[in-house]
Amino acid sequence: MGFEAYDYEDGKRDWGSFGLPREGTLAQTPSAAEVARRDVPTCTLGDDLGEVSERVRNAGWDTCFVVTDERVVLGRLGRRALAGNEDGTVESVMSEGPSTVRPSIGIDALIQRMDERHLTTFPVTTPDGKLFGLVIRTDAEKALASG
Amino acid sequence: MAKGIGRSEVQRLVAEKDAQLVEVLPAPEYEQEHLPGAINIPLKELNRETALQLDRTRPVIVYCHDYQ
């Protein structure tokens with residue numbers, strides 16, 4: 001009798017890029033998957049900006065990601081968009097296509113990227129563009145210090 | 001011939017059928033990072049003898065770094 005055999009064709013690169021658990025020496029270094037805040041607020045293109053702003057503020061956040069029903073990232077609302085004129089829809093004020101990283105990126109590399117771009121947060125998405133979470137620089141620094 | 005599968009199917013086979021994960025990359029790459037519970041049988045060492053450590057009653061999923 002032979003084996004019931006399968007080939008995971010996309011391999012461990014695919015596995016890591018979706019933020020799934022891993023083992024080994026590199027797994028000792030925290031990755032974006034481990035420090036990303038998964039509860040970052042989201043909204044959709046047609047949402048009322050005033051309602052979204054209020055919901056985001058009440059949740060203690062100053063940013064919100066604009067996503068599709070499948071959580072594919074379309075854009076981002078920053079502090080200015082959320083604090084400005086609250087008439088209209090999200091679509092009219094969002095910043096399109098924010099730069100993102102994969103969940104598998106090491107925290108040290110991510111902090112370096114934040115330094116280069118003068119950023120305090122970095123969105124994390126899976127290869128299919130779905131929102132994984134948001135890494136906040138102070139969280140990343142704490143994880144690196146304790147890792 | 002092994003059947004090609006994706007990530008979701010890997011998760012399902014491991015959870016439901018206790019599938020065995022086998023990384024076929026060289027040992028140093030396996031030691032750096034591998035899927036949880038995976039064992040290492042480098043492709044160059046994969047033969048009848050090394051396959052004896054596998055349980056024939058459970059599915060086997062082989063993988064490397066990516067589709068290449």
# chains A, B, ... in the order shown; residues from 1 in each chain; ligands from 1
call {"tool": "closest_atom_pairs", "arguments": {"of": "chain A", "to": "chain B", "cutoff": "8 Å", "atoms": "only C-alpha atoms", "output": "JSON lines"}}
result
{"residue": "A:Met1", "atom": "CA", "partner": "B:Arg56", "partner_atom": "CA", "distance": 8.0}
{"residue": "A:Gly2", "atom": "CA", "partner": "B:Arg56", "partner_atom": "CA", "distance": 7.2}
{"residue": "A:Phe3", "atom": "CA", "partner": "B:Arg56", "partner_atom": "CA", "distance": 5.6}
{"residue": "A:Glu4", "atom": "CA", "partner": "B:Pro59", "partner_atom": "CA", "distance": 4.8}
{"residue": "A:Ala5", "atom": "CA", "partner": "B:Val60", "partner_atom": "CA", "distance": 4.8}
{"residue": "A:Tyr6", "atom": "CA", "partner": "B:Ala2", "partner_atom": "CA", "distance": 4.5}
{"residue": "A:Asp7", "atom": "CA", "partner": "B:Gly4", "partner_atom": "CA", "distance": 4.7}
{"residue": "A:Tyr8", "atom": "CA", "partner": "B:Tyr63", "partner_atom": "CA", "distance": 5.1}
{"residue": "A:Glu9", "atom": "CA", "partner": "B:Tyr67", "partner_atom": "CA", "distance": 4.9}
{"residue": "A:Asp10", "atom": "CA", "partner": "B:Asp66", "partner_atom": "CA", "distance": 4.5}
{"residue": "A:Gly11", "atom": "CA", "partner": "B:Asp66", "partner_atom": "CA", "distance": 4.3}
{"residue": "A:Lys12", "atom": "CA", "partner": "B:His65", "partner_atom": "CA", "distance": 5.1}
{"residue": "A:Arg13", "atom": "CA", "partner": "B:His65", "partner_atom": "CA", "distance": 5.7}
{"residue": "A:Asp14", "atom": "CA", "partner": "B:Asp66", "partner_atom": "CA", "distance": 7.0}
{"residue": "A:Trp15", "atom": "CA", "partner": "B:Arg7", "partner_atom": "CA", "distance": 6.9}
{"residue": "A:Pro21", "atom": "CA", "partner": "B:Pro36", "partner_atom": "CA", "distance": 6.7}
{"residue": "A:Arg22", "atom": "CA", "partner": "B:Leu35", "partner_atom": "CA", "distance": 4.9}
{"residue": "A:Glu23", "atom": "CA", "partner": "B:His34", "partner_atom": "CA", "distance": 5.3}
{"residue": "A:Gly24", "atom": "CA", "partner": "B:Glu33", "partner_atom": "CA", "distance": 4.3}
{"residue": "A:Thr25", "atom": "CA", "partner": "B:Gln32", "partner_atom": "CA", "distance": 4.7}
{"residue": "A:Leu26", "atom": "CA", "partner": "B:Gln32", "partner_atom": "CA", "distance": 5.2}
{"residue": "A:Ala27", "atom": "CA", "partner": "B:Glu33", "partner_atom": "CA", "distance": 6.4}
call {"tool": "write_last_selection", "arguments": {"atoms": "N, CA and C atoms", "output": "mmCIF file, in the first residue's frame"}}
result
data_model
loop_
_atom_site.group_PDB
_atom_site.id
_atom_site.type_symbol
_atom_site.label_atom_id
_atom_site.label_comp_id
_atom_site.auth_asym_id
_atom_site.auth_seq_id
_atom_site.Cartn_x
_atom_site.Cartn_y
_atom_site.Cartn_z
ATOM 1 N N MET A 1 0.842 -1.196 0.000
ATOM 2 C CA MET A 1 0.000 0.000 0.000
ATOM 3 C C MET A 1 0.880 1.250 0.000
ATOM 4 N N GLY A 2 0.599 2.201 -0.879
ATOM 5 C CA GLY A 2 1.391 3.425 -0.934
ATOM 6 C C GLY A 2 0.892 4.455 0.059
ATOM 7 N N PHE A 3 1.561 5.602 0.026
ATOM 8 C CA PHE A 3 1.158 6.699 0.897
ATOM 9 C C PHE A 3 0.023 7.494 0.266
ATOM 10 N N GLU A 4 -0.809 8.053 1.112
ATOM 11 C CA GLU A 4 -1.757 9.080 0.661
ATOM 12 C C GLU A 4 -0.946 10.374 0.703
ATOM 13 N N ALA A 5 -0.406 10.778 -0.456
ATOM 14 C CA ALA A 5 0.593 11.851 -0.468
ATOM 15 C C ALA A 5 0.080 13.123 -1.132
ATOM 16 N N TYR A 6 0.463 14.244 -0.528
ATOM 17 C CA TYR A 6 0.078 15.558 -1.044
ATOM 18 C C TYR A 6 1.312 16.451 -1.130
ATOM 19 N N ASP A 7 1.208 17.433 -2.016
ATOM 20 C CA ASP A 7 2.287 18.408 -2.165
ATOM 21 C C ASP A 7 1.718 19.798 -1.885
ATOM 22 N N TYR A 8 2.171 20.405 -0.790
ATOM 23 C CA TYR A 8 1.763 21.785 -0.491
ATOM 24 C C TYR A 8 2.618 22.673 -1.393
ATOM 25 N N GLU A 9 2.087 22.986 -2.546
ATOM 26 C CA GLU A 9 2.891 23.589 -3.619
ATOM 27 C C GLU A 9 3.428 24.981 -3.284
ATOM 28 N N ASP A 10 2.653 25.761 -2.555
ATOM 29 C CA ASP A 10 3.105 27.126 -2.260
ATOM 30 C C ASP A 10 4.121 27.167 -1.114
ATOM 31 N N GLY A 11 4.211 26.071 -0.363
ATOM 32 C CA GLY A 11 5.278 25.909 0.616
ATOM 33 C C GLY A 11 5.275 26.870 1.793
ATOM 34 N N LYS A 12 6.406 26.879 2.496
ATOM 35 C CA LYS A 12 6.424 27.615 3.768
ATOM 36 C C LYS A 12 6.454 29.123 3.586
ATOM 37 N N ARG A 13 6.831 29.606 2.409
ATOM 38 C CA ARG A 13 6.747 31.052 2.185
ATOM 39 C C ARG A 13 5.282 31.499 2.263
ATOM 40 N N ASP A 14 4.428 30.721 1.629
ATOM 41 C CA ASP A 14 2.995 31.016 1.654
ATOM 42 C C ASP A 14 2.464 30.931 3.083
ATOM 43 N N TRP A 15 2.853 29.917 3.793
ATOM 44 C CA TRP A 15 2.398 29.684 5.170
ATOM 45 C C TRP A 15 2.733 30.902 6.039
ATOM 46 N N PRO A 21 1.363 29.932 12.465
ATOM 47 C CA PRO A 21 2.434 29.562 13.392
ATOM 48 C C PRO A 21 3.575 28.826 12.699
ATOM 49 N N ARG A 22 4.780 29.019 13.217
ATOM 50 C CA ARG A 22 5.950 28.347 12.665
ATOM 51 C C ARG A 22 6.858 27.942 13.804
ATOM 52 N N GLU A 23 7.785 27.068 13.513
ATOM 53 C CA GLU A 23 8.757 26.625 14.506
ATOM 54 C C GLU A 23 10.148 26.810 13.918
ATOM 55 N N GLY A 24 11.168 26.801 14.777
ATOM 56 C CA GLY A 24 12.542 26.937 14.310
ATOM 57 C C GLY A 24 13.213 28.155 14.924
ATOM 58 N N THR A 25 14.496 28.314 14.614
ATOM 59 C CA THR A 25 15.260 29.392 15.241
ATOM 60 C C THR A 25 14.743 30.770 14.840
ATOM 61 N N LEU A 26 14.327 30.926 13.582
ATOM 62 C CA LEU A 26 13.814 32.227 13.159
ATOM 63 C C LEU A 26 12.486 32.557 13.822
ATOM 64 N N ALA A 27 11.769 31.532 14.211
ATOM 65 C CA ALA A 27 10.471 31.754 14.851
ATOM 66 C C ALA A 27 10.628 32.382 16.234
#
call {"tool": "select_by_dssp", "arguments": {"residues": "region 30-70 of chain A", "states": "strand (DSSP E or B)", "output": "ChimeraX atom specification"}}
result
/A:31,37,42-43,48,64-67
call {"tool": "closest_residue", "arguments": {"among": "A:Val67, A:Ile105, A:Leu134, A:Val56", "to": "Thr44 (chain A)", "atoms": "only C-alpha atoms"}}
result
A:Val67
call {"tool": "atom_distance", "arguments": {"atom1": "CA of Arg55 (chain A)", "atom2": "CA of Arg80 (chain A)"}}
result
15.4 Å
call {"tool": "residues_around", "arguments": {"residues": "Gly84 (chain A)", "least_positions_apart": "4", "cutoff": "12 Å", "atoms": "only C-alpha atoms", "output": "number ranges by chain"}}
result
A: 49-50, 53-54, 77-80, 88, 90, 92-94
call {"tool": "write_last_selection", "arguments": {"atoms": "N, CA and C atoms", "output": "PDB file, in the first residue's frame"}}
result
ATOM      1  N   LEU A  49     -19.120  59.169   6.714  1.00  0.00           N
ATOM      2  CA  LEU A  49     -17.865  59.577   7.364  1.00  0.00           C
ATOM      3  C   LEU A  49     -18.075  59.995   8.817  1.00  0.00           C
ATOM      4  N   GLY A  50     -19.163  60.725   9.071  1.00  0.00           N
ATOM      5  CA  GLY A  50     -19.425  61.166  10.438  1.00  0.00           C
ATOM      6  C   GLY A  50     -19.615  59.984  11.381  1.00  0.00           C
ATOM      7  N   SER A  53     -16.249  58.229  11.909  1.00  0.00           N
ATOM      8  CA  SER A  53     -15.354  59.009  12.773  1.00  0.00           C
ATOM      9  C   SER A  53     -15.734  58.834  14.238  1.00  0.00           C
ATOM     10  N   GLU A  54     -17.012  58.908  14.509  1.00  0.00           N
ATOM     11  CA  GLU A  54     -17.473  58.771  15.899  1.00  0.00           C
ATOM     12  C   GLU A  54     -17.156  57.372  16.434  1.00  0.00           C
ATOM     13  N   LEU A  77      -8.181  55.797   6.422  1.00  0.00           N
ATOM     14  CA  LEU A  77      -8.548  57.106   6.944  1.00  0.00           C
ATOM     15  C   LEU A  77      -7.564  57.428   8.063  1.00  0.00           C
ATOM     16  N   GLY A  78      -6.894  58.551   7.925  1.00  0.00           N
ATOM     17  CA  GLY A  78      -5.951  58.958   8.955  1.00  0.00           C
ATOM     18  C   GLY A  78      -6.586  59.955   9.914  1.00  0.00           C
ATOM     19  N   ARG A  79      -5.768  60.462  10.809  1.00  0.00           N
ATOM     20  CA  ARG A  79      -6.239  61.390  11.841  1.00  0.00           C
ATOM     21  C   ARG A  79      -6.941  62.603  11.213  1.00  0.00           C
ATOM     22  N   ARG A  80      -6.324  63.138  10.172  1.00  0.00           N
ATOM     23  CA  ARG A  80      -6.876  64.353   9.555  1.00  0.00           C
ATOM     24  C   ARG A  80      -8.243  64.082   8.921  1.00  0.00           C
ATOM     25  N   GLY A  88     -20.434  63.547   3.989  1.00  0.00           N
ATOM     26  CA  GLY A  88     -20.061  62.699   2.862  1.00  0.00           C
ATOM     27  C   GLY A  88     -19.682  61.292   3.264  1.00  0.00           C
ATOM     28  N   VAL A  90     -16.917  57.884   3.238  1.00  0.00           N
ATOM     29  CA  VAL A  90     -15.518  57.514   3.463  1.00  0.00           C
ATOM     30  C   VAL A  90     -14.701  57.660   2.183  1.00  0.00           C
ATOM     31  N   SER A  92     -14.741  59.652  -0.199  1.00  0.00           N
ATOM     32  CA  SER A  92     -14.346  60.991  -0.636  1.00  0.00           C
ATOM     33  C   SER A  92     -13.077  61.503   0.057  1.00  0.00           C
ATOM     34  N   VAL A  93     -12.707  60.909   1.171  1.00  0.00           N
ATOM     35  CA  VAL A  93     -11.543  61.428   1.913  1.00  0.00           C
ATOM     36  C   VAL A  93     -10.430  60.407   2.156  1.00  0.00           C
ATOM     37  N   MET A  94     -10.661  59.163   1.782  1.00  0.00           N
ATOM     38  CA  MET A  94      -9.656  58.145   2.133  1.00  0.00           C
ATOM     39  C   MET A  94      -8.386  58.284   1.292  1.00  0.00           C
TER      40      MET A  94
END
call {"tool": "select_by_dssp", "arguments": {"residues": "chain B", "states": "helix (DSSP H, G or I)", "output": "list in words"}}
result
Arg7, Ser8, Glu9, Val10, Gln11, Arg12, Leu13, Val14, Ala15, Glu16, Lys17, Ala27, Pro28, Glu29, Tyr30, Glu31, Gln32, Leu43, Lys44, Glu45, Thr50, Ala51, Leu52 and Gln53 of chain B
call {"tool": "write_last_selection", "arguments": {"atoms": "N, CA and C atoms", "output": "PDB file, in the first residue's frame"}}
result
ATOM      1  N   ARG B   7      -3.020  25.901   1.123  1.00  0.00           N
ATOM      2  CA  ARG B   7      -2.889  26.114   2.568  1.00  0.00           C
ATOM      3  C   ARG B   7      -4.093  25.601   3.362  1.00  0.00           C
ATOM      4  N   SER B   8      -5.290  25.901   2.877  1.00  0.00           N
ATOM      5  CA  SER B   8      -6.497  25.498   3.612  1.00  0.00           C
ATOM      6  C   SER B   8      -6.599  23.982   3.708  1.00  0.00           C
ATOM      7  N   GLU B   9      -6.236  23.317   2.622  1.00  0.00           N
ATOM      8  CA  GLU B   9      -6.303  21.858   2.617  1.00  0.00           C
ATOM      9  C   GLU B   9      -5.242  21.266   3.552  1.00  0.00           C
ATOM     10  N   VAL B  10      -4.093  21.908   3.619  1.00  0.00           N
ATOM     11  CA  VAL B  10      -3.062  21.460   4.567  1.00  0.00           C
ATOM     12  C   VAL B  10      -3.628  21.520   5.992  1.00  0.00           C
ATOM     13  N   GLN B  11      -4.231  22.648   6.311  1.00  0.00           N
ATOM     14  CA  GLN B  11      -4.776  22.816   7.664  1.00  0.00           C
ATOM     15  C   GLN B  11      -5.862  21.771   7.947  1.00  0.00           C
ATOM     16  N   ARG B  12      -6.690  21.512   6.943  1.00  0.00           N
ATOM     17  CA  ARG B  12      -7.776  20.551   7.139  1.00  0.00           C
ATOM     18  C   ARG B  12      -7.219  19.129   7.341  1.00  0.00           C
ATOM     19  N   LEU B  13      -6.260  18.754   6.519  1.00  0.00           N
ATOM     20  CA  LEU B  13      -5.709  17.397   6.609  1.00  0.00           C
ATOM     21  C   LEU B  13      -4.983  17.176   7.941  1.00  0.00           C
ATOM     22  N   VAL B  14      -4.302  18.216   8.413  1.00  0.00           N
ATOM     23  CA  VAL B  14      -3.606  18.089   9.699  1.00  0.00           C
ATOM     24  C   VAL B  14      -4.629  17.976  10.835  1.00  0.00           C
ATOM     25  N   ALA B  15      -5.652  18.832  10.776  1.00  0.00           N
ATOM     26  CA  ALA B  15      -6.631  18.852  11.861  1.00  0.00           C
ATOM     27  C   ALA B  15      -7.521  17.615  11.870  1.00  0.00           C
ATOM     28  N   GLU B  16      -7.951  17.193  10.690  1.00  0.00           N
ATOM     29  CA  GLU B  16      -8.950  16.120  10.632  1.00  0.00           C
ATOM     30  C   GLU B  16      -8.350  14.726  10.438  1.00  0.00           C
ATOM     31  N   LYS B  17      -7.199  14.653   9.796  1.00  0.00           N
ATOM     32  CA  LYS B  17      -6.648  13.329   9.477  1.00  0.00           C
ATOM     33  C   LYS B  17      -5.244  13.126  10.040  1.00  0.00           C
ATOM     34  N   ALA B  27      18.602  20.473   5.840  1.00  0.00           N
ATOM     35  CA  ALA B  27      18.431  20.621   7.288  1.00  0.00           C
ATOM     36  C   ALA B  27      18.610  22.049   7.808  1.00  0.00           C
ATOM     37  N   PRO B  28      19.635  22.806   7.342  1.00  0.00           N
ATOM     38  CA  PRO B  28      19.786  24.165   7.890  1.00  0.00           C
ATOM     39  C   PRO B  28      18.544  25.036   7.666  1.00  0.00           C
ATOM     40  N   GLU B  29      17.908  24.889   6.529  1.00  0.00           N
ATOM     41  CA  GLU B  29      16.705  25.683   6.257  1.00  0.00           C
ATOM     42  C   GLU B  29      15.539  25.227   7.118  1.00  0.00           C
ATOM     43  N   TYR B  30      15.467  23.928   7.311  1.00  0.00           N
ATOM     44  CA  TYR B  30      14.424  23.389   8.198  1.00  0.00           C
ATOM     45  C   TYR B  30      14.614  23.902   9.626  1.00  0.00           C
ATOM     46  N   GLU B  31      15.847  23.907  10.076  1.00  0.00           N
ATOM     47  CA  GLU B  31      16.117  24.334  11.457  1.00  0.00           C
ATOM     48  C   GLU B  31      15.764  25.803  11.670  1.00  0.00           C
ATOM     49  N   GLN B  32      15.944  26.593  10.631  1.00  0.00           N
ATOM     50  CA  GLN B  32      15.597  28.012  10.753  1.00  0.00           C
ATOM     51  C   GLN B  32      14.094  28.210  10.916  1.00  0.00           C
ATOM     52  N   LEU B  43      15.232  16.339   0.286  1.00  0.00           N
ATOM     53  CA  LEU B  43      14.887  15.655  -0.964  1.00  0.00           C
ATOM     54  C   LEU B  43      15.956  14.651  -1.392  1.00  0.00           C
ATOM     55  N   LYS B  44      17.221  15.033  -1.198  1.00  0.00           N
ATOM     56  CA  LYS B  44      18.320  14.152  -1.621  1.00  0.00           C
ATOM     57  C   LYS B  44      18.396  12.884  -0.769  1.00  0.00           C
ATOM     58  N   GLU B  45      17.753  12.936   0.386  1.00  0.00           N
ATOM     59  CA  GLU B  45      17.806  11.769   1.285  1.00  0.00           C
ATOM     60  C   GLU B  45      16.492  10.994   1.295  1.00  0.00           C
ATOM     61  N   THR B  50      14.461   6.149   4.403  1.00  0.00           N
ATOM     62  CA  THR B  50      14.108   7.313   5.231  1.00  0.00           C
ATOM     63  C   THR B  50      12.586   7.450   5.362  1.00  0.00           C
ATOM     64  N   ALA B  51      11.873   6.910   4.386  1.00  0.00           N
ATOM     65  CA  ALA B  51      10.408   6.993   4.437  1.00  0.00           C
ATOM     66  C   ALA B  51       9.821   6.051   5.488  1.00  0.00           C
ATOM     67  N   LEU B  52      10.664   5.167   6.015  1.00  0.00           N
ATOM     68  CA  LEU B  52      10.173   4.223   7.025  1.00  0.00           C
ATOM     69  C   LEU B  52       9.705   4.927   8.298  1.00  0.00           C
ATOM     70  N   GLN B  53      10.234   6.137   8.539  1.00  0.00           N
ATOM     71  CA  GLN B  53       9.834   6.862   9.752  1.00  0.00           C
ATOM     72  C   GLN B  53       8.413   7.426   9.640  1.00  0.00           C
TER      73      GLN B  53
END
call {"tool": "residues_around", "arguments": {"residues": "Thr29 (chain A)", "least_positions_apart": "6", "cutoff": "10 Å", "atoms": "only C-alpha atoms", "output": "NGL selection string"}}
result
:A and (105-108 or 143-144 or 147)
call {"tool": "write_last_selection", "arguments": {"atoms": "C-alpha atoms", "output": "short mmCIF file (atom, residue, chain, number, x, y, z; two decimals), in the first residue's frame"}}
result
data_model
loop_
_atom_site.label_atom_id
_atom_site.label_comp_id
_atom_site.auth_asym_id
_atom_site.auth_seq_id
_atom_site.Cartn_x
_atom_site.Cartn_y
_atom_site.Cartn_z
CA ILE A 105 8.21 40.11 8.25
CA GLY A 106 10.53 40.21 11.27
CA ILE A 107 9.98 43.00 13.74
CA ASP A 108 13.54 44.28 13.37
CA ALA A 143 8.38 42.93 21.49
CA LEU A 144 11.90 43.30 20.15
CA GLY A 147 12.17 38.83 22.44
#
call {"tool": "atom_distance", "arguments": {"atom1": "CA of Asp39 (chain A)", "atom2": "CA of Arg71 (chain A)"}}
result
12.7 Å
call {"tool": "atom_distance", "arguments": {"atom1": "CA of Gln112 (chain A)", "atom2": "CA of Val66 (chain A)"}}
result
25.9 Å
call {"tool": "residues_around", "arguments": {"residues": "Ser104 (chain A)", "least_positions_apart": "6", "cutoff": "8 Å", "atoms": "only C-alpha atoms", "output": "list in words"}}
result
Gly16, Ser17, Phe18, Gly19, Ser31, Ala32 and Ala33 of chain A
call {"tool": "write_last_selection", "arguments": {"atoms": "C-alpha atoms", "output": "CSV table (one decimal), in the first residue's frame"}}
result
chain,number,residue,atom,x,y,z
A,16,GLY,CA,4.4,32.5,6.8
A,17,SER,CA,2.9,35.2,4.7
A,18,PHE,CA,-0.5,34.4,6.1
A,19,GLY,CA,0.8,34.8,9.6
A,31,SER,CA,7.1,38.8,13.5
A,32,ALA,CA,4.5,41.4,12.5
A,33,ALA,CA,1.9,38.6,12.9
call {"tool": "decode", "arguments": {"residues": "chain B", "atoms": "C-alpha atoms", "output": "short mmCIF file (atom, residue, chain, number, x, y, z; two decimals), in the first residue's frame"}}
result
data_model
loop_
_atom_site.label_atom_id
_atom_site.label_comp_id
_atom_site.auth_asym_id
_atom_site.auth_seq_id
_atom_site.Cartn_x
_atom_site.Cartn_y
_atom_site.Cartn_z
CA MET B 1 2.42 11.19 -7.60
CA ALA B 2 1.53 13.64 -4.87
CA LYS B 3 -1.59 15.72 -5.35
CA GLY B 4 -1.07 19.48 -5.22
CA ILE B 5 -2.95 21.23 -2.45
CA GLY B 6 -3.19 24.69 -0.92
CA ARG B 7 -2.89 26.11 2.57
CA SER B 8 -6.50 25.50 3.61
CA GLU B 9 -6.30 21.86 2.62
CA VAL B 10 -3.06 21.46 4.57
CA GLN B 11 -4.78 22.82 7.66
CA ARG B 12 -7.78 20.55 7.14
CA LEU B 13 -5.71 17.40 6.61
CA VAL B 14 -3.61 18.09 9.70
CA ALA B 15 -6.63 18.85 11.86
CA GLU B 16 -8.95 16.12 10.63
CA LYS B 17 -6.65 13.33 9.48
CA ASP B 18 -3.54 13.94 11.56
CA ALA B 19 -1.52 14.36 8.39
CA GLN B 20 2.28 14.23 8.62
CA LEU B 21 4.17 17.29 7.38
CA VAL B 22 7.51 16.67 5.70
CA GLU B 23 9.84 19.50 4.77
CA VAL B 24 12.15 18.38 1.97
CA LEU B 25 14.58 21.30 2.15
CA PRO B 26 18.13 20.86 3.50
CA ALA B 27 18.43 20.62 7.29
CA PRO B 28 19.79 24.17 7.89
CA GLU B 29 16.70 25.68 6.26
CA TYR B 30 14.42 23.39 8.20
CA GLU B 31 16.12 24.33 11.46
CA GLN B 32 15.60 28.01 10.75
CA GLU B 33 11.90 27.75 10.11
CA HIS B 34 9.34 25.05 9.44
CA LEU B 35 5.64 24.34 9.80
CA PRO B 36 4.52 23.23 13.27
CA GLY B 37 5.18 19.54 13.82
CA ALA B 38 6.93 19.04 10.49
CA ILE B 39 9.80 16.59 10.20
CA ASN B 40 12.74 17.03 7.87
CA ILE B 41 13.64 14.59 5.12
CA PRO B 42 15.79 16.49 2.61
CA LEU B 43 14.89 15.66 -0.96
CA LYS B 44 18.32 14.15 -1.62
CA GLU B 45 17.81 11.77 1.28
CA LEU B 46 14.23 10.83 0.49
CA ASN B 47 14.20 7.10 -0.24
CA ARG B 48 12.54 3.87 0.87
CA GLU B 49 14.66 3.73 4.00
CA THR B 50 14.11 7.31 5.23
CA ALA B 51 10.41 6.99 4.44
CA LEU B 52 10.17 4.22 7.02
CA GLN B 53 9.83 6.86 9.75
CA LEU B 54 6.49 7.87 8.25
CA ASP B 55 3.19 6.32 9.27
CA ARG B 56 1.60 4.77 6.18
CA THR B 57 -1.86 4.97 7.72
CA ARG B 58 -1.80 8.78 7.80
CA PRO B 59 -1.62 11.24 4.91
CA VAL B 60 1.77 12.74 4.11
CA ILE B 61 2.16 16.36 3.02
CA VAL B 62 5.50 17.35 1.54
CA TYR B 63 6.55 20.94 1.02
CA CYS B 64 9.55 23.13 0.32
CA HIS B 65 10.03 26.88 0.22
CA ASP B 66 7.54 27.75 -2.49
CA TYR B 67 6.15 26.49 -5.79
CA GLN B 68 9.60 26.41 -7.40
#
